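File shown: protein12.pdb. Contents: PDB, C-alpha atoms.
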ATOM      1  CA  GLY A   1       0.000   0.000   0.000
ATOM      2  CA  ALA A   2       2.703   2.477   0.926
ATOM      3  CA  GLU A   3       4.562   1.886  -2.351
ATOM      4  CA  ALA A   4       1.396   2.444  -4.402
ATOM      5  CA  VAL A   5       0.719   5.698  -2.543
ATOM      6  CA  ALA A   6       4.311   6.823  -3.116
ATOM      7  CA  ARG A   7       4.124   6.016  -6.848
ATOM      8  CA  SER A   8       0.896   7.988  -7.141
ATOM      9  CA  ALA A   9       2.357  10.969  -5.287
ATOM     10  CA  GLU A  10       5.423  10.939  -7.559
ATOM     11  CA  ALA A  11       3.204  11.126 -10.650
ATOM     12  CA  GLY A  12       1.216  14.050  -9.276
ATOM     13  CA  ALA A  13      -2.247  15.123 -10.371
ATOM     14  CA  GLU A  14      -2.137  13.027 -13.550
ATOM     15  CA  ALA A  15      -2.183   9.714 -11.628
ATOM     16  CA  ARG A  16      -5.092   7.412 -10.781
ATOM     17  CA  PHE A  17      -5.219   4.098  -8.974
ATOM     18  CA  VAL A  18      -6.625   1.181 -10.972
ATOM     19  CA  ALA A  19      -7.696  -2.183  -9.560
ATOM     20  CA  GLY A  20     -10.199  -4.099 -11.686
ATOM     21  CA  GLY A  21     -10.591  -1.155 -14.070
ATOM     22  CA  THR A  22     -14.267  -1.911 -14.740
ATOM     23  CA  ASP A  23     -15.263   1.723 -14.147
ATOM     24  CA  LEU A  24     -12.114   3.747 -14.807
ATOM     25  CA  LEU A  25     -11.319   2.232 -18.215
ATOM     26  CA  VAL A  26     -14.878   2.852 -19.405
ATOM     27  CA  ALA A  27     -14.700   6.444 -18.156
ATOM     28  CA  MET A  28     -11.447   6.938 -20.049
ATOM     29  CA  LYS A  29     -13.085   5.692 -23.244
ATOM     30  CA  GLN A  30     -16.021   8.043 -22.700
ATOM     31  CA  GLY A  31     -13.683  10.947 -22.049
ATOM     32  CA  THR A  32     -14.957  11.778 -18.565
ATOM     33  CA  GLN A  33     -11.617  10.717 -17.033
ATOM     34  CA  ALA A  34      -8.216  11.311 -18.621
ATOM     35  CA  PRO A  35      -5.369  10.253 -16.300
ATOM     36  CA  ARG A  36      -1.915  10.023 -17.891
ATOM     37  CA  ARG A  37      -0.499   7.627 -15.270
ATOM     38  CA  LEU A  38      -2.158   4.538 -13.768
ATOM     39  CA  VAL A  39      -0.931   2.911 -10.566
ATOM     40  CA  ALA A  40      -1.948  -0.776 -10.669
ATOM     41  CA  LEU A  41      -3.163  -2.310  -7.401
ATOM     42  CA  SER A  42      -3.784  -5.914  -8.445
ATOM     43  CA  ASP A  43      -0.586  -7.222  -6.803
ATOM     44  CA  VAL A  44      -0.832  -5.255  -3.539
ATOM     45  CA  ALA A  45      -1.209  -8.000  -0.929
ATOM     46  CA  GLU A  46      -2.320  -5.529   1.755
ATOM     47  CA  LEU A  47      -5.574  -4.980  -0.166
ATOM     48  CA  ARG A  48      -6.612  -8.646  -0.020
ATOM     49  CA  GLY A  49      -8.099 -10.847   2.664
ATOM     50  CA  ILE A  50     -11.201 -11.183   4.810
ATOM     51  CA  GLY A  51     -10.759 -11.593   8.548
ATOM     52  CA  ASP A  52     -12.465 -11.238  11.902
ATOM     53  CA  SER A  53     -12.035  -7.897  13.625
ATOM     54  CA  PRO A  54     -11.561  -7.507  17.402
ATOM     55  CA  ASP A  55     -15.196  -6.360  17.801
ATOM     56  CA  GLY A  56     -16.512  -9.533  16.173
ATOM     57  CA  GLY A  57     -17.160  -7.896  12.828
ATOM     58  CA  LEU A  58     -15.278  -8.271   9.566
ATOM     59  CA  ASP A  59     -12.301  -6.516   8.005
ATOM     60  CA  ILE A  60     -12.432  -6.820   4.212
ATOM     61  CA  GLY A  61      -9.563  -5.897   1.937
ATOM     62  CA  ALA A  62     -10.544  -3.234  -0.585
ATOM     63  CA  GLY A  63      -8.989  -5.346  -3.350
ATOM     64  CA  GLU A  64     -11.229  -8.366  -2.725
ATOM     65  CA  PRO A  65     -13.156  -9.267  -5.916
ATOM     66  CA  LEU A  66     -16.896  -8.749  -5.723
ATOM     67  CA  ALA A  67     -17.499 -12.286  -6.977
ATOM     68  CA  ASP A  68     -15.710 -13.750  -3.952
ATOM     69  CA  LEU A  69     -17.619 -11.551  -1.498
ATOM     70  CA  ALA A  70     -21.001 -12.286  -3.019
ATOM     71  CA  HIS A  71     -20.859 -15.871  -1.726
ATOM     72  CA  HIS A  72     -18.546 -15.568   1.268
ATOM     73  CA  ALA A  73     -19.991 -17.540   4.201
ATOM     74  CA  ALA A  74     -18.904 -15.119   6.951
ATOM     75  CA  LEU A  75     -20.217 -12.105   5.063
ATOM     76  CA  GLU A  76     -23.538 -13.811   4.345
ATOM     77  CA  GLU A  77     -23.866 -14.515   8.081
ATOM     78  CA  ILE A  78     -22.848 -11.131   9.518
ATOM     79  CA  ALA A  79     -23.876  -8.744   6.710
ATOM     80  CA  PRO A  80     -26.095 -10.395   4.075
ATOM     81  CA  ALA A  81     -27.019  -6.961   2.696
ATOM     82  CA  LEU A  82     -23.415  -6.410   1.620
ATOM     83  CA  ALA A  83     -23.131  -9.884   0.095
ATOM     84  CA  GLN A  84     -26.353  -9.196  -1.837
ATOM     85  CA  GLY A  85     -25.001  -5.832  -3.019
ATOM     86  CA  CYS A  86     -21.824  -7.491  -4.302
ATOM     87  CA  ALA A  87     -23.927 -10.119  -6.093
ATOM     88  CA  ARG A  88     -25.970  -7.469  -7.919
ATOM     89  CA  VAL A  89     -23.063  -5.592  -9.514
ATOM     90  CA  GLY A  90     -22.906  -5.844 -13.299
ATOM     91  CA  HIS A  91     -22.463  -9.371 -14.623
ATOM     92  CA  PRO A  92     -20.148 -12.290 -13.725
ATOM     93  CA  GLN A  93     -17.165 -10.920 -15.639
ATOM     94  CA  ILE A  94     -17.505  -7.514 -13.986
ATOM     95  CA  ARG A  95     -17.800  -9.110 -10.532
ATOM     96  CA  ALA A  96     -14.740 -11.264 -11.217
ATOM     97  CA  MET A  97     -12.615  -8.199 -12.050
ATOM     98  CA  GLY A  98     -14.270  -5.476  -9.964
ATOM     99  CA  THR A  99     -13.281  -4.956  -6.325
ATOM    100  CA  LEU A 100     -15.107  -3.804  -3.225
ATOM    101  CA  GLY A 101     -12.922  -0.711  -2.932
ATOM    102  CA  GLY A 102     -13.464   0.104  -6.580
ATOM    103  CA  ASN A 103     -17.227  -0.132  -6.194
ATOM    104  CA  VAL A 104     -17.146   2.132  -3.133
ATOM    105  CA  CYS A 105     -15.143   4.668  -5.172
ATOM    106  CA  LEU A 106     -17.265   4.298  -8.313
ATOM    107  CA  ASP A 107     -17.876   7.488 -10.262
ATOM    108  CA  VAL A 108     -21.333   9.048 -10.374
ATOM    109  CA  ARG A 109     -23.624   8.743 -13.397
ATOM    110  CA  CYS A 110     -26.425  10.639 -15.146
ATOM    111  CA  HIS A 111     -28.283  10.414 -18.439
ATOM    112  CA  PHE A 112     -26.237  13.290 -19.898
ATOM    113  CA  VAL A 113     -22.655  12.690 -18.851
ATOM    114  CA  ASN A 114     -22.507   8.966 -19.668
ATOM    115  CA  ARG A 115     -22.669   9.520 -23.424
ATOM    116  CA  PRO A 116     -19.940   9.670 -26.079
ATOM    117  CA  ALA A 117     -17.754  12.764 -25.859
ATOM    118  CA  PRO A 118     -18.843  14.182 -29.257
ATOM    119  CA  TRP A 119     -22.489  14.010 -28.135
ATOM    120  CA  ARG A 120     -21.737  15.948 -24.938
ATOM    121  CA  GLU A 121     -19.514  18.476 -26.691
ATOM    122  CA  ALA A 122     -22.171  19.215 -29.313
ATOM    123  CA  LEU A 123     -24.475  20.407 -26.517
ATOM    124  CA  GLY A 124     -21.804  22.369 -24.687
ATOM    125  CA  GLY A 125     -20.887  19.961 -21.892
ATOM    126  CA  CYS A 126     -22.191  20.013 -18.317
ATOM    127  CA  LEU A 127     -20.915  20.855 -14.846
ATOM    128  CA  LYS A 128     -18.991  17.567 -14.688
ATOM    129  CA  THR A 129     -17.514  17.925 -18.185
ATOM    130  CA  ASP A 130     -16.396  21.570 -18.215
ATOM    131  CA  GLY A 131     -19.737  23.062 -19.212
ATOM    132  CA  PRO A 132     -21.605  25.975 -17.619
ATOM    133  CA  HIS A 133     -24.853  24.216 -16.663
ATOM    134  CA  CYS A 134     -26.269  21.024 -15.231
ATOM    135  CA  ARG A 135     -28.161  19.373 -18.082
ATOM    136  CA  SER A 136     -30.270  17.145 -15.812
ATOM    137  CA  VAL A 137     -31.519  19.442 -13.026
ATOM    138  CA  ILE A 138     -32.281  22.954 -14.265
ATOM    139  CA  GLY A 139     -30.721  25.617 -12.060
ATOM    140  CA  ALA A 140     -28.477  23.213 -10.129
ATOM    141  CA  THR A 141     -25.269  24.866  -8.934
ATOM    142  CA  ARG A 142     -23.388  21.584  -8.399
ATOM    143  CA  CYS A 143     -23.240  18.367 -10.365
ATOM    144  CA  THR A 144     -26.183  16.164  -9.406
ATOM    145  CA  ALA A 145     -25.028  12.933 -11.103
ATOM    146  CA  ALA A 146     -26.127   9.951  -9.037
ATOM    147  CA  LEU A 147     -24.237   7.483  -6.901
ATOM    148  CA  SER A 148     -24.034   4.200  -8.792
ATOM    149  CA  GLY A 149     -22.223   1.661  -6.576
ATOM    150  CA  ASP A 150     -24.351  -1.231  -5.318
ATOM    151  CA  THR A 151     -22.219  -1.806  -2.207
ATOM    152  CA  ILE A 152     -22.410   1.711  -0.770
ATOM    153  CA  ALA A 153     -25.965   1.636   0.592
ATOM    154  CA  PRO A 154     -25.321  -1.682   2.428
ATOM    155  CA  LEU A 155     -22.033  -0.425   3.885
ATOM    156  CA  VAL A 156     -23.668   2.800   5.078
ATOM    157  CA  ALA A 157     -26.701   1.001   6.514
ATOM    158  CA  LEU A 158     -24.324  -1.308   8.408
ATOM    159  CA  ASN A 159     -22.432   1.727   9.783
ATOM    160  CA  SER A 160     -19.193   0.567   8.164
ATOM    161  CA  SER A 161     -15.890   2.427   8.071
ATOM    162  CA  ALA A 162     -12.987   2.605   5.634
ATOM    163  CA  ARG A 163      -9.293   2.385   6.482
ATOM    164  CA  LEU A 164      -7.300   4.740   4.258
ATOM    165  CA  LEU A 165      -3.623   5.329   3.557
ATOM    166  CA  GLY A 166      -2.198   8.506   2.076
ATOM    167  CA  PRO A 167       1.049  10.478   1.998
ATOM    168  CA  ASP A 168       0.229  11.811   5.483
ATOM    169  CA  GLY A 169      -0.323   8.339   6.934
ATOM    170  CA  PRO A 170      -3.348   6.162   7.749
ATOM    171  CA  ARG A 171      -6.773   7.274   8.901
ATOM    172  CA  THR A 172     -10.222   5.738   9.340
ATOM    173  CA  VAL A 173     -13.481   7.373   8.238
ATOM    174  CA  PRO A 174     -17.123   6.286   7.986
ATOM    175  CA  VAL A 175     -17.966   4.988   4.513
ATOM    176  CA  GLN A 176     -20.677   7.638   4.322
ATOM    177  CA  ALA A 177     -18.005  10.351   4.605
ATOM    178  CA  LEU A 178     -16.248   9.031   1.485
ATOM    179  CA  ARG A 179     -18.994  10.392  -0.755
ATOM    180  CA  LEU A 180     -19.454  14.150  -1.214
ATOM    181  CA  ARG A 181     -22.351  16.324  -2.413
ATOM    182  CA  ASP A 182     -20.801  17.569  -5.664
ATOM    183  CA  GLY A 183     -20.688  15.012  -8.476
ATOM    184  CA  ARG A 184     -17.747  16.809 -10.102
ATOM    185  CA  ASP A 185     -15.517  15.545  -7.293
ATOM    186  CA  PRO A 186     -17.641  12.965  -5.465
ATOM    187  CA  LEU A 187     -14.949  11.207  -3.415
ATOM    188  CA  GLY A 188     -13.901  12.386   0.030
ATOM    189  CA  LEU A 189     -10.335  11.162  -0.449
ATOM    190  CA  ARG A 190      -7.264  13.337  -0.041
ATOM    191  CA  PRO A 191      -4.778  13.500  -2.935
ATOM    192  CA  HIS A 192      -3.135  10.101  -3.581
ATOM    193  CA  GLU A 193      -5.090   8.472  -0.755
ATOM    194  CA  LEU A 194      -5.921   4.793  -1.114
ATOM    195  CA  VAL A 195      -8.744   2.720   0.410
ATOM    196  CA  LEU A 196      -7.037  -0.226   2.117
ATOM    197  CA  SER A 197      -9.963  -2.049   3.722
ATOM    198  CA  LEU A 198     -13.582  -1.822   4.830
ATOM    199  CA  HIS A 199     -14.712  -2.640   8.366
ATOM    200  CA  VAL A 200     -18.201  -4.033   8.968
ATOM    201  CA  PRO A 201     -18.960  -3.909  12.704
ATOM    202  CA  ALA A 202     -20.704  -6.774  14.463
ATOM    203  CA  PRO A 203     -24.197  -6.205  15.868
ATOM    204  CA  PRO A 204     -24.571  -5.844  19.647
ATOM    205  CA  ALA A 205     -24.506  -9.196  21.416
ATOM    206  CA  ASP A 206     -28.064  -8.920  22.733
ATOM    207  CA  VAL A 207     -29.874  -8.299  19.420
ATOM    208  CA  ARG A 208     -30.906 -10.304  16.415
ATOM    209  CA  ARG A 209     -29.764  -8.535  13.237
ATOM    210  CA  ARG A 210     -31.262  -8.907   9.788
ATOM    211  CA  SER A 211     -30.167  -6.964   6.734
ATOM    212  CA  ALA A 212     -31.016  -6.885   3.045
ATOM    213  CA  TYR A 213     -30.208  -4.949  -0.107
ATOM    214  CA  HIS A 214     -32.570  -4.204  -2.970
ATOM    215  CA  LYS A 215     -31.888  -2.667  -6.330
ATOM    216  CA  TRP A 216     -34.140  -1.781  -9.207
ATOM    217  CA  ALA A 217     -32.956  -1.395 -12.780
ATOM    218  CA  PRO A 218     -34.733  -2.030 -16.101
ATOM    219  CA  ARG A 219     -32.735  -5.212 -16.665
ATOM    220  CA  ARG A 220     -31.936  -7.908 -14.131
ATOM    221  CA  ALA A 221     -28.222  -7.777 -14.933
ATOM    222  CA  VAL A 222     -25.547  -5.346 -16.124
ATOM    223  CA  ASP A 223     -27.498  -2.157 -15.339
ATOM    224  CA  PHE A 224     -26.488   0.359 -12.690
ATOM    225  CA  PRO A 225     -29.158   0.850 -10.001
ATOM    226  CA  LEU A 226     -31.918   3.407 -10.525
ATOM    227  CA  VAL A 227     -33.196   2.585  -7.037
ATOM    228  CA  SER A 228     -30.738   1.361  -4.394
ATOM    229  CA  VAL A 229     -31.732   0.709  -0.770
ATOM    230  CA  ALA A 230     -30.338  -1.277   2.156
ATOM    231  CA  LEU A 231     -32.203  -2.130   5.349
ATOM    232  CA  VAL A 232     -30.880  -3.194   8.757
ATOM    233  CA  VAL A 233     -33.241  -4.353  11.513
ATOM    234  CA  ASP A 234     -32.104  -5.170  15.062
ATOM    235  CA  THR A 235     -34.623  -6.738  17.459
ATOM    236  CA  ASP A 236     -34.319  -7.725  21.124
ATOM    237  CA  ALA A 237     -35.264 -10.980  22.845
ATOM    238  CA  GLU A 238     -38.925  -9.890  22.844
ATOM    239  CA  ALA A 239     -38.853  -9.164  19.083
ATOM    240  CA  ARG A 240     -39.086  -5.407  19.656
ATOM    241  CA  LEU A 241     -37.199  -3.018  17.414
ATOM    242  CA  VAL A 242     -33.876  -1.821  18.776
ATOM    243  CA  GLN A 243     -32.854  -0.255  15.473
ATOM    244  CA  LEU A 244     -34.405   0.228  12.060
ATOM    245  CA  ARG A 245     -31.887   1.750   9.679
ATOM    246  CA  VAL A 246     -32.465   2.402   5.976
ATOM    247  CA  ALA A 247     -29.777   3.772   3.651
ATOM    248  CA  VAL A 248     -30.583   4.891   0.116
ATOM    249  CA  ALA A 249     -28.354   5.592  -2.862
ATOM    250  CA  ALA A 250     -28.925   6.591  -6.520
ATOM    251  CA  LEU A 251     -30.849   9.695  -5.375
ATOM    252  CA  GLY A 252     -27.871  12.004  -5.858
ATOM    253  CA  PRO A 253     -24.076  11.995  -5.391
ATOM    254  CA  GLN A 254     -24.297  10.996  -1.692
ATOM    255  CA  PRO A 255     -25.890   8.086   0.139
ATOM    256  CA  ARG A 256     -28.451   8.974   2.774
ATOM    257  CA  VAL A 257     -29.580   7.379   6.006
ATOM    258  CA  VAL A 258     -33.321   8.004   6.253
ATOM    259  CA  ALA A 259     -34.061  10.095   9.336
ATOM    260  CA  GLY A 260     -37.020   9.585  11.649
ATOM    261  CA  LEU A 261     -37.061   5.790  11.807
ATOM    262  CA  ASP A 262     -36.057   5.881  15.489
ATOM    263  CA  ALA A 263     -39.726   6.609  16.138
ATOM    264  CA  PHE A 264     -40.415   2.879  15.704
ATOM    265  CA  ARG A 265     -37.922   1.815  18.362
ATOM    266  CA  GLY A 266     -39.541  -0.404  20.982
ATOM    267  CA  GLU A 267     -42.345  -1.523  18.695
ATOM    268  CA  ARG A 268     -42.825  -4.946  17.167
ATOM    269  CA  LEU A 269     -42.292  -5.168  13.422
ATOM    270  CA  THR A 270     -45.917  -5.724  12.450
ATOM    271  CA  PRO A 271     -47.452  -5.196   8.989
ATOM    272  CA  ASN A 272     -48.728  -1.808  10.188
ATOM    273  CA  VAL A 273     -45.250  -0.750  11.287
ATOM    274  CA  ALA A 274     -43.809  -2.010   7.995
ATOM    275  CA  SER A 275     -46.309   0.118   6.074
ATOM    276  CA  ALA A 276     -45.707   3.206   8.212
ATOM    277  CA  ALA A 277     -41.917   2.895   7.896
ATOM    278  CA  ALA A 278     -42.154   2.510   4.109
ATOM    279  CA  ASP A 279     -44.371   5.605   3.960
ATOM    280  CA  LEU A 280     -41.789   7.557   5.975
ATOM    281  CA  VAL A 281     -39.003   6.498   3.604
ATOM    282  CA  HIS A 282     -41.176   7.612   0.677
ATOM    283  CA  ALA A 283     -41.841  10.978   2.319
ATOM    284  CA  ARG A 284     -38.157  11.650   3.095
ATOM    285  CA  CYS A 285     -36.634  10.594  -0.249
ATOM    286  CA  HIS A 286     -36.852  12.617  -3.453
ATOM    287  CA  PRO A 287     -34.929  11.188  -6.434
ATOM    288  CA  LEU A 288     -33.559  13.772  -8.851
ATOM    289  CA  PRO A 289     -34.393  13.662 -12.580
ATOM    290  CA  ASN A 290     -30.773  12.819 -13.396
ATOM    291  CA  LEU A 291     -31.291   9.182 -14.356
ATOM    292  CA  LEU A 292     -33.526   7.400 -16.813
ATOM    293  CA  PHE A 293     -37.128   6.718 -15.760
ATOM    294  CA  ASP A 294     -39.445   9.163 -14.048
ATOM    295  CA  ALA A 295     -38.307  10.353 -10.614
ATOM    296  CA  ALA A 296     -41.787   9.911  -9.112
ATOM    297  CA  TYR A 297     -41.866   6.321 -10.382
ATOM    298  CA  ARG A 298     -38.486   5.569  -8.811
ATOM    299  CA  ARG A 299     -39.656   7.152  -5.560
ATOM    300  CA  GLU A 300     -42.720   4.914  -5.471
ATOM    301  CA  LEU A 301     -40.553   1.877  -6.215
ATOM    302  CA  LEU A 302     -38.423   2.783  -3.205
ATOM    303  CA  ARG A 303     -41.525   2.637  -1.012
ATOM    304  CA  VAL A 304     -42.541  -0.715  -2.511
ATOM    305  CA  LEU A 305     -39.111  -2.316  -2.023
ATOM    306  CA  VAL A 306     -38.864  -1.176   1.604
ATOM    307  CA  HIS A 307     -42.431  -2.280   2.350
ATOM    308  CA  ARG A 308     -41.947  -5.739   0.834
ATOM    309  CA  GLN A 309     -38.758  -6.406   2.767
ATOM    310  CA  LEU A 310     -40.171  -5.240   6.096
ATOM    311  CA  LEU A 311     -43.298  -7.331   5.519
ATOM    312  CA  ALA A 312     -41.079 -10.372   4.923
ATOM    313  CA  TRP A 313     -39.546  -9.793   8.361
ATOM    314  CA  ALA A 314     -42.802  -8.810  10.093
ATOM    315  CA  HIS A 315     -44.589 -10.916  12.693
TER     316      HIS A 315
END

Using structure tokens, write down the structure that the file contains.
Amino acid sequence: GAEAVARSAEAGAEARFVAGGTDLLVAMKQGTQAPRRLVALSDVAELRGIGDSPDGGLDIGAGEPLADLAHHAALEEIAPALAQGCARVGHPQIRAMGTLGGNVCLDVRCHFVNRPAPWREALGGCLKTDGPHCRSVIGATRCTAALSGDTIAPLVALNSSARLLGPDGPRTVPVQALRLRDGRDPLGLRPHELVLSLHVPAPPADVRRRSAYHKWAPRRAVDFPLVSVALVVDTDAEARLVQLRVAVAALGPQPRVVAGLDAFRGERLTPNVASAAADLVHARCHPLPNLLFDAAYRRELLRVLVHRQLLAWAH
């Protein structure tokens, strides 16, 4: 890890890290990224491995292939939402090459910017591609392109953190803090900083934890999510809610934890509670018109996906 960081720092602003390359190489072909130096991470042993952490959770190397994580027994036991998110990325070839760290750092997308360069240039570009205006949300002062990684909502819902290494040394930040509000520069990484591993904490010893991830896209494979939501439910010995946590992505450049769900703490997860919680998620979430399909339709789908999963867990 330290050598990769040093190589990147030597190359300066023209350098980018590349692991599986499933996002960066496509972006280079589209002309939305144009690094002159690539620092390959495929042989960095420090980025591999899955192990138990002192708190009973999991430490996952950022270079672990998504295909391996999608069916990893320990991950399916402790954090099935994350395993499900890994399983929903792209197609088998993408999952075989793509890494967890790469998916966490995935670039944002919208129906304007992810087009061939000549198409964008003919219309004058956009905020992300050196143009004066956002072409998706009229009047927007920052790029509104949407978060597109399937693993981010599960990691945020599970309150995960990322271990980073940069020229100034290591640091640890919540995964949610890695994603910023402006799609022009959506990563909260310092220059030449590398994601080494992701930490998924264990649930408290006295609760039963269930988690799930749901994605909606027009096709069952290959597509990036147009709706992306992860749910975590902790219940006590009497089947009362200790925590109900819902994280959503694909609404904008940042993931969001839906506020207000603490109101259900202490209640049993009944069909009525499932319906009320889904309604609250619907009320708090407002997809932007920056992706294909009507924003109101995607908002309603978010309600449906949350309601169905909570009903499946309800008593």

Q.
Residues near Glu77 (chain A), anyone? I mean within 10 Å using all atoms listed in the file, not counting same-chain ones fewer than 5 positions away, as a list in words.
A.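 Close residues of Glu77 (chain A): His72, Ala83, Arg209, Arg210 and Ser211 of chain A.
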
Q.
Using all atoms listed in the file, can you tell me which of A:Gly98, A:Gly125, A:Gly21, A:Pro225 comes closest to Ala250 (chain A)?
A.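 Among the listed residues, A:Pro225 lies closest to Ala250 (chain A).
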
Q: For the structure provided, state which residues fall under the PyMOL selection byres ((chain A and resi 4) around 10), and present them as JSON, numbers by chain.
A: {"A": [1, 2, 3, 5, 6, 7, 8, 9, 10, 17, 39, 40, 41, 44, 165, 166, 192, 193, 194]}

Q | Residue neighbourhood Ala96 (chain A), 9 Å, only C-alpha atoms, exclusion window fewer than 5 positions, as a PyMOL selection string | A | chain A and resi 20+65-68+91

Q: Using the chain letters and numbering of this document, enumerate as a list in words the residues selected by the PyMOL selection byres ((chain A and resi 291-298) around 7).
A: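 Taken over the shown coordinates, the PyMOL selection byres ((chain A and resi 291-298) around 7) returns Cys110, His111, Leu226, Val227, Pro287, Leu288, Pro289, Asn290, Arg299, Glu300, Leu301 and Leu302 of chain A.
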
Q: Please provide as a list in words all residues within 10 Å of Ala153 (chain A), with the sequence filter that same-chain residues fewer than 4 positions apart are discarded (counting only C-alpha atoms).
A: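 Listed by chain and then number, they are Ala81, Leu82, Gly85, Val104, Leu147, Ser148, Gly149, Ala157, Leu158, Asn159, Val175, Gln176, Tyr213, His214, Ser228, Val229, Ala230, Leu231, Val246, Ala247, Val248, Ala249, Ala250, Gln254, Pro255, Arg256 and Val257 of chain A.
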
Enumerate, as a compact mmCIF listing (two decimals) with C-alpha atoms, in the frame of the given file, the residues matched when the PyMOL selection byres ((chain A and resi 63) around 7) is run on the file above.
# COMPACT_ATOMS: atom_id res chain seq x y z
CA LEU A 47 -5.57 -4.98 -0.17
CA ARG A 48 -6.61 -8.65 -0.02
CA GLY A 61 -9.56 -5.90 1.94
CA ALA A 62 -10.54 -3.23 -0.58
CA GLU A 64 -11.23 -8.37 -2.72
CA PRO A 65 -13.16 -9.27 -5.92
CA THR A 99 -13.28 -4.96 -6.32
CA LEU A 100 -15.11 -3.80 -3.22
CA GLY A 101 -12.92 -0.71 -2.93

Q. Closest to Gln93 (chain A) among A:Leu24, A:Ala221, A:Leu280, A:Glu267, using all atoms listed in the file?
A. A:Ala221

Q) For Leu164 (chain A), which residue among A:Gly31, A:Pro253, A:Pro191, A:Gly124 is the nearest when counting all atoms listed in the file? A)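 Comparing A:Gly31, A:Pro253, A:Pro191, A:Gly124 against Leu164 (chain A), the winner is A:Pro191.
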
Kindly write region 46-51 of chain A with all heavy atoms to a file, as an mmCIF file, in the first residue's frame.
data_model
loop_
_atom_site.group_PDB
_atom_site.id
_atom_site.type_symbol
_atom_site.label_atom_id
_atom_site.label_comp_id
_atom_site.auth_asym_id
_atom_site.auth_seq_id
_atom_site.Cartn_x
_atom_site.Cartn_y
_atom_site.Cartn_z
ATOM 1 N N GLU A 46 -1.648 -6.183 0.622
ATOM 2 C CA GLU A 46 -2.320 -5.529 1.755
ATOM 3 C C GLU A 46 -3.795 -5.262 1.473
ATOM 4 O O GLU A 46 -4.576 -5.051 2.393
ATOM 5 C CB GLU A 46 -1.594 -4.217 2.076
ATOM 6 C CG GLU A 46 -1.986 -3.595 3.396
ATOM 7 C CD GLU A 46 -1.180 -2.354 3.713
ATOM 8 O OE1 GLU A 46 -0.251 -2.029 2.937
ATOM 9 O OE2 GLU A 46 -1.481 -1.705 4.729
ATOM 10 N N LEU A 47 -4.187 -5.262 0.194
ATOM 11 C CA LEU A 47 -5.574 -4.980 -0.166
ATOM 12 C C LEU A 47 -6.433 -6.240 -0.209
ATOM 13 O O LEU A 47 -7.621 -6.142 -0.527
ATOM 14 C CB LEU A 47 -5.632 -4.290 -1.532
ATOM 15 C CG LEU A 47 -4.869 -2.972 -1.672
ATOM 16 C CD1 LEU A 47 -5.063 -2.406 -3.070
ATOM 17 C CD2 LEU A 47 -5.326 -1.972 -0.624
ATOM 18 N N ARG A 48 -5.864 -7.399 0.071
ATOM 19 C CA ARG A 48 -6.612 -8.646 -0.020
ATOM 20 C C ARG A 48 -6.837 -9.243 1.370
ATOM 21 O O ARG A 48 -6.147 -8.921 2.321
ATOM 22 C CB ARG A 48 -5.878 -9.652 -0.905
ATOM 23 C CG ARG A 48 -5.616 -9.174 -2.320
ATOM 24 C CD ARG A 48 -6.903 -8.875 -3.091
ATOM 25 N NE ARG A 48 -7.665 -10.078 -3.362
ATOM 26 C CZ ARG A 48 -7.554 -10.820 -4.469
ATOM 27 N NH1 ARG A 48 -6.694 -10.459 -5.403
ATOM 28 N NH2 ARG A 48 -8.304 -11.888 -4.638
ATOM 29 N N GLY A 49 -7.838 -10.121 1.427
ATOM 30 C CA GLY A 49 -8.099 -10.847 2.664
ATOM 31 C C GLY A 49 -9.393 -10.437 3.336
ATOM 32 O O GLY A 49 -9.834 -9.295 3.229
ATOM 33 N N ILE A 50 -9.996 -11.405 4.010
ATOM 34 C CA ILE A 50 -11.201 -11.183 4.810
ATOM 35 C C ILE A 50 -10.951 -11.821 6.165
ATOM 36 O O ILE A 50 -10.639 -13.019 6.250
ATOM 37 C CB ILE A 50 -12.440 -11.815 4.156
ATOM 38 C CG1 ILE A 50 -12.609 -11.314 2.724
ATOM 39 C CG2 ILE A 50 -13.693 -11.526 4.972
ATOM 40 C CD1 ILE A 50 -13.701 -12.032 1.959
ATOM 41 N N GLY A 51 -11.049 -11.051 7.221
ATOM 42 C CA GLY A 51 -10.759 -11.593 8.548
ATOM 43 C C GLY A 51 -11.657 -11.020 9.616
ATOM 44 O O GLY A 51 -12.304 -9.978 9.423
#
